[in-house]
Amino acid sequence: MSARKTRRRKSKAGARKTTGRGRSGLLRLLVLAPLALAALSVVTVGALRWLDPPSSAFMLEHRLAGLWTEGRAPRLEYHWVDLDDIDPELALAVIAAEDQRFPEHHGFDLVELRKVLAELGEGGPSRGASTLTQQTAKNLFLWPGRDYLRKGIEAWFTVLIETLWPKRRILEVYLNIAQFGPEVYGAEAASRRYFDRSAANLGRSRAARLAAVLPDPRGYRLDRPSERRERRVGWILAQMRQLGGIAYLERLR
């Protein structure tokens, strides 16, 4: 065999080995990258059981959108307070308005999901069935939208939050990062902005008014009274009474 043929065979064999190593490295990356991201999410959610988040994904998106459209980041009103420093009437009002099975479910309200699916099957209007845990996962870690990728990641974070946090912590984080106005986030900032008082001293009526804006804080404006919003406030107050008042919160662990 000539030296030229020998070199040619060795070159082809080396190319095959290089290609094989490249494919193996790509497969390893495809397997390890999702595992690394999953491990990071577990560590992050676990740490936030005790560490208070300085911001949220929604707040970051809000700032970036302002930079993109107006050339400057908006000044968001946000001030963290512990759950013990938030009027229990607001905690009850939010549960009454958004997720009345919050103490019982494990992140997903299957009863409401069945109702939504039934309405879709009958051609009825689509409505949300997100729990407080799902909303916390979305607001804290993800981006606005209804695409399937976001919903899938939201489900993963919902499971992590329900597994690693007690219900009281979920409620505490939600009340602090929920949007209550165009540039207002959290119960304390909203209480001071709209009622000139701390979140610890709201009372039932003001609590219901804050909870009433949560489905659409840009539509149900606290500083722009509307008949639609007032009907929702009345409904929330009735639901708070039906749940049995703040004694209902004793079911949270």
# chains A, B, ... in the order shown; residues from 1 in each chain; ligands from 1
call {"tool": "closest_atom_pairs", "arguments": {"of": "region 126-177 of chain A", "to": "region 33-51 of chain A", "cutoff": "9 Å", "atoms": "only C-alpha atoms", "output": "tab-separated table"}}
result
residue	atom	partner	partner_atom	distance
A:Phe157	CA	A:Ser41	CA	7.8
A:Leu160	CA	A:Val42	CA	6.8
A:Ile161	CA	A:Val45	CA	6.5
A:Leu164	CA	A:Gly46	CA	6.0
A:Trp165	CA	A:Arg49	CA	5.7
A:Pro166	CA	A:Arg49	CA	8.3
A:Arg169	CA	A:Arg49	CA	6.9
A:Ile170	CA	A:Arg49	CA	8.6
call {"tool": "select_by_dssp", "arguments": {"residues": "region 161-225 of chain A", "states": "strand (DSSP E)", "output": "list in words"}}
result
Gln179, Phe180, Gly181, Val184 and Tyr185 of chain A
call {"tool": "write_last_selection", "arguments": {"atoms": "all heavy atoms", "output": "compact mmCIF listing (two decimals), in the first residue's frame"}}
result
# COMPACT_ATOMS: atom_id res chain seq x y z
N GLN A 179 -49.42 43.48 40.16
CA GLN A 179 -49.54 44.84 39.65
C GLN A 179 -50.91 45.40 40.00
O GLN A 179 -51.94 44.82 39.66
CB GLN A 179 -49.33 44.88 38.14
CG GLN A 179 -49.31 46.28 37.56
CD GLN A 179 -49.02 46.31 36.07
OE1 GLN A 179 -48.96 45.27 35.42
NE2 GLN A 179 -48.83 47.50 35.53
N PHE A 180 -50.93 46.56 40.66
CA PHE A 180 -52.17 47.19 41.09
C PHE A 180 -52.47 48.48 40.32
O PHE A 180 -53.51 49.10 40.53
CB PHE A 180 -52.13 47.50 42.58
CG PHE A 180 -52.24 46.28 43.45
CD1 PHE A 180 -51.09 45.64 43.91
CD2 PHE A 180 -53.47 45.78 43.83
CE1 PHE A 180 -51.19 44.51 44.73
CE2 PHE A 180 -53.57 44.65 44.64
CZ PHE A 180 -52.43 44.02 45.09
N GLY A 181 -51.57 48.90 39.48
CA GLY A 181 -51.76 50.12 38.69
C GLY A 181 -50.77 50.14 37.56
O GLY A 181 -49.90 49.27 37.46
N VAL A 184 -47.51 50.57 39.38
CA VAL A 184 -47.57 50.30 40.82
C VAL A 184 -47.60 48.79 41.06
O VAL A 184 -48.48 48.09 40.57
CB VAL A 184 -48.81 50.95 41.46
CG1 VAL A 184 -48.83 50.69 42.96
CG2 VAL A 184 -48.84 52.44 41.17
N TYR A 185 -46.63 48.30 41.82
CA TYR A 185 -46.52 46.87 42.12
C TYR A 185 -46.50 46.65 43.62
O TYR A 185 -45.76 47.32 44.35
CB TYR A 185 -45.25 46.29 41.50
CG TYR A 185 -45.30 46.19 40.00
CD1 TYR A 185 -44.99 47.29 39.20
CD2 TYR A 185 -45.65 45.00 39.37
CE1 TYR A 185 -45.04 47.21 37.82
CE2 TYR A 185 -45.69 44.91 37.99
CZ TYR A 185 -45.39 46.01 37.22
OH TYR A 185 -45.45 45.92 35.84
call {"tool": "closest_residue", "arguments": {"among": "A:Ser198, A:Ser205, A:Ser56, A:Thr133", "to": "Ile86 (chain A)", "atoms": "only C-alpha atoms"}}
result
A:Ser198
call {"tool": "atom_distance", "arguments": {"atom1": "CA of Gly66 (chain A)", "atom2": "CA of Ala155 (chain A)"}}
result
28.4 Å
call {"tool": "residues_around", "arguments": {"residues": "Ala178 (chain A)", "least_positions_apart": "4", "cutoff": "8 Å", "atoms": "only C-alpha atoms", "output": "list of chain:residue names"}}
result
A:Thr136, A:Asn139, A:Tyr174, A:Tyr185, A:Gly186, A:Ala187, A:Leu214
call {"tool": "write_last_selection", "arguments": {"atoms": "N, CA, C and O atoms", "output": "PDB file, in the first residue's frame"}}
result
ATOM      1  N   THR A 136     -48.260  33.791  40.566  1.00  0.00           N
ATOM      2  CA  THR A 136     -46.976  34.112  41.202  1.00  0.00           C
ATOM      3  C   THR A 136     -45.821  33.622  40.347  1.00  0.00           C
ATOM      4  O   THR A 136     -44.838  34.345  40.135  1.00  0.00           O
ATOM      5  N   ASN A 139     -45.664  35.950  37.157  1.00  0.00           N
ATOM      6  CA  ASN A 139     -45.207  37.309  37.422  1.00  0.00           C
ATOM      7  C   ASN A 139     -43.747  37.361  37.868  1.00  0.00           C
ATOM      8  O   ASN A 139     -43.007  38.277  37.513  1.00  0.00           O
ATOM      9  N   TYR A 174     -47.029  36.870  46.265  1.00  0.00           N
ATOM     10  CA  TYR A 174     -48.024  37.362  45.304  1.00  0.00           C
ATOM     11  C   TYR A 174     -48.463  38.791  45.634  1.00  0.00           C
ATOM     12  O   TYR A 174     -48.503  39.655  44.757  1.00  0.00           O
ATOM     13  N   TYR A 185     -46.629  48.298  41.823  1.00  0.00           N
ATOM     14  CA  TYR A 185     -46.524  46.875  42.118  1.00  0.00           C
ATOM     15  C   TYR A 185     -46.497  46.652  43.624  1.00  0.00           C
ATOM     16  O   TYR A 185     -45.762  47.315  44.352  1.00  0.00           O
ATOM     17  N   GLY A 186     -47.290  45.710  44.078  1.00  0.00           N
ATOM     18  CA  GLY A 186     -47.282  45.325  45.477  1.00  0.00           C
ATOM     19  C   GLY A 186     -48.288  46.074  46.318  1.00  0.00           C
ATOM     20  O   GLY A 186     -48.656  47.224  46.032  1.00  0.00           O
ATOM     21  N   ALA A 187     -48.738  45.415  47.383  1.00  0.00           N
ATOM     22  CA  ALA A 187     -49.787  45.954  48.240  1.00  0.00           C
ATOM     23  C   ALA A 187     -49.372  47.243  48.934  1.00  0.00           C
ATOM     24  O   ALA A 187     -50.166  48.180  49.058  1.00  0.00           O
ATOM     25  N   LEU A 214     -57.119  43.506  40.063  1.00  0.00           N
ATOM     26  CA  LEU A 214     -56.115  42.516  39.705  1.00  0.00           C
ATOM     27  C   LEU A 214     -56.306  41.840  38.349  1.00  0.00           C
ATOM     28  O   LEU A 214     -55.304  41.530  37.685  1.00  0.00           O
TER      29      LEU A 214
END
call {"tool": "residues_around", "arguments": {"residues": "Leu60 (chain A)", "least_positions_apart": "5", "cutoff": "10 Å", "atoms": "only C-alpha atoms", "output": "PyMOL selection string"}}
result
chain A and resi 55+65-66+73+76+140+143
call {"tool": "residues_around", "arguments": {"residues": "Val81 (chain A)", "least_positions_apart": "2", "cutoff": "9 Å", "atoms": "only C-alpha atoms", "output": "ChimeraX atom specification"}}
result
/A:79,83-86,172,176,186-188,199
call {"tool": "residues_around", "arguments": {"residues": "Arg209 (chain A)", "least_positions_apart": "3", "cutoff": "10 Å", "atoms": "only C-alpha atoms", "output": "number ranges by chain"}}
result
A: 90, 93-94, 204-206, 212-214, 220-222, 229-230, 232-234, 236-237
call {"tool": "write_last_selection", "arguments": {"atoms": "N, CA and C atoms", "output": "PDB file, in the first residue's frame"}}
result
ATOM      1  N   LEU A  90     -57.011  42.349  53.044  1.00  0.00           N
ATOM      2  CA  LEU A  90     -56.545  42.333  51.664  1.00  0.00           C
ATOM      3  C   LEU A  90     -56.205  40.916  51.231  1.00  0.00           C
ATOM      4  N   ALA A  93     -59.448  39.358  50.525  1.00  0.00           N
ATOM      5  CA  ALA A  93     -60.073  39.920  49.326  1.00  0.00           C
ATOM      6  C   ALA A  93     -59.445  39.360  48.055  1.00  0.00           C
ATOM      7  N   VAL A  94     -58.134  39.206  48.061  1.00  0.00           N
ATOM      8  CA  VAL A  94     -57.443  38.672  46.889  1.00  0.00           C
ATOM      9  C   VAL A  94     -57.820  37.210  46.658  1.00  0.00           C
ATOM     10  N   ARG A 204     -61.721  46.599  55.180  1.00  0.00           N
ATOM     11  CA  ARG A 204     -62.359  45.697  54.216  1.00  0.00           C
ATOM     12  C   ARG A 204     -62.681  46.375  52.888  1.00  0.00           C
ATOM     13  N   SER A 205     -63.265  47.562  52.921  1.00  0.00           N
ATOM     14  CA  SER A 205     -63.694  48.213  51.685  1.00  0.00           C
ATOM     15  C   SER A 205     -62.504  48.543  50.781  1.00  0.00           C
ATOM     16  N   ARG A 206     -61.455  49.137  51.339  1.00  0.00           N
ATOM     17  CA  ARG A 206     -60.283  49.469  50.523  1.00  0.00           C
ATOM     18  C   ARG A 206     -59.598  48.195  50.019  1.00  0.00           C
ATOM     19  N   ALA A 212     -60.042  44.281  43.376  1.00  0.00           N
ATOM     20  CA  ALA A 212     -60.898  44.367  42.191  1.00  0.00           C
ATOM     21  C   ALA A 212     -60.119  44.691  40.924  1.00  0.00           C
ATOM     22  N   VAL A 213     -58.935  45.299  41.044  1.00  0.00           N
ATOM     23  CA  VAL A 213     -58.197  45.695  39.843  1.00  0.00           C
ATOM     24  C   VAL A 213     -57.307  44.585  39.306  1.00  0.00           C
ATOM     25  N   LEU A 214     -57.119  43.506  40.063  1.00  0.00           N
ATOM     26  CA  LEU A 214     -56.115  42.516  39.705  1.00  0.00           C
ATOM     27  C   LEU A 214     -56.306  41.840  38.349  1.00  0.00           C
ATOM     28  N   TYR A 220     -59.160  48.328  35.139  1.00  0.00           N
ATOM     29  CA  TYR A 220     -59.871  48.621  36.390  1.00  0.00           C
ATOM     30  C   TYR A 220     -59.031  49.599  37.210  1.00  0.00           C
ATOM     31  N   ARG A 221     -58.933  50.830  36.786  1.00  0.00           N
ATOM     32  CA  ARG A 221     -58.056  51.800  37.440  1.00  0.00           C
ATOM     33  C   ARG A 221     -58.637  52.254  38.770  1.00  0.00           C
ATOM     34  N   LEU A 222     -57.806  52.211  39.825  1.00  0.00           N
ATOM     35  CA  LEU A 222     -58.246  52.705  41.128  1.00  0.00           C
ATOM     36  C   LEU A 222     -58.470  54.212  41.124  1.00  0.00           C
ATOM     37  N   ARG A 229     -66.169  48.489  37.641  1.00  0.00           N
ATOM     38  CA  ARG A 229     -65.279  48.198  38.767  1.00  0.00           C
ATOM     39  C   ARG A 229     -66.050  48.134  40.075  1.00  0.00           C
ATOM     40  N   GLU A 230     -66.999  49.028  40.279  1.00  0.00           N
ATOM     41  CA  GLU A 230     -67.769  49.031  41.519  1.00  0.00           C
ATOM     42  C   GLU A 230     -68.636  47.779  41.661  1.00  0.00           C
ATOM     43  N   ARG A 232     -67.738  44.904  40.565  1.00  0.00           N
ATOM     44  CA  ARG A 232     -66.776  43.872  40.972  1.00  0.00           C
ATOM     45  C   ARG A 232     -66.416  44.010  42.451  1.00  0.00           C
ATOM     46  N   VAL A 233     -66.275  45.223  42.927  1.00  0.00           N
ATOM     47  CA  VAL A 233     -65.997  45.453  44.352  1.00  0.00           C
ATOM     48  C   VAL A 233     -67.118  44.862  45.200  1.00  0.00           C
ATOM     49  N   GLY A 234     -68.369  45.129  44.818  1.00  0.00           N
ATOM     50  CA  GLY A 234     -69.500  44.580  45.557  1.00  0.00           C
ATOM     51  C   GLY A 234     -69.502  43.068  45.561  1.00  0.00           C
ATOM     52  N   ILE A 236     -66.853  41.097  45.293  1.00  0.00           N
ATOM     53  CA  ILE A 236     -65.750  40.635  46.146  1.00  0.00           C
ATOM     54  C   ILE A 236     -66.138  40.729  47.621  1.00  0.00           C
ATOM     55  N   LEU A 237     -66.764  41.811  48.022  1.00  0.00           N
ATOM     56  CA  LEU A 237     -67.199  41.959  49.413  1.00  0.00           C
ATOM     57  C   LEU A 237     -68.173  40.845  49.796  1.00  0.00           C
TER      58      LEU A 237
END
call {"tool": "select_by_dssp", "arguments": {"residues": "region 37-201 of chain A", "states": "helix (DSSP H, G or I)", "output": "VMD selection string"}}
result
chain A and resid 37 to 47 57 to 70 83 to 85 88 to 98 110 to 121 132 to 141 148 to 164 167 to 177 187 to 195 199 to 201
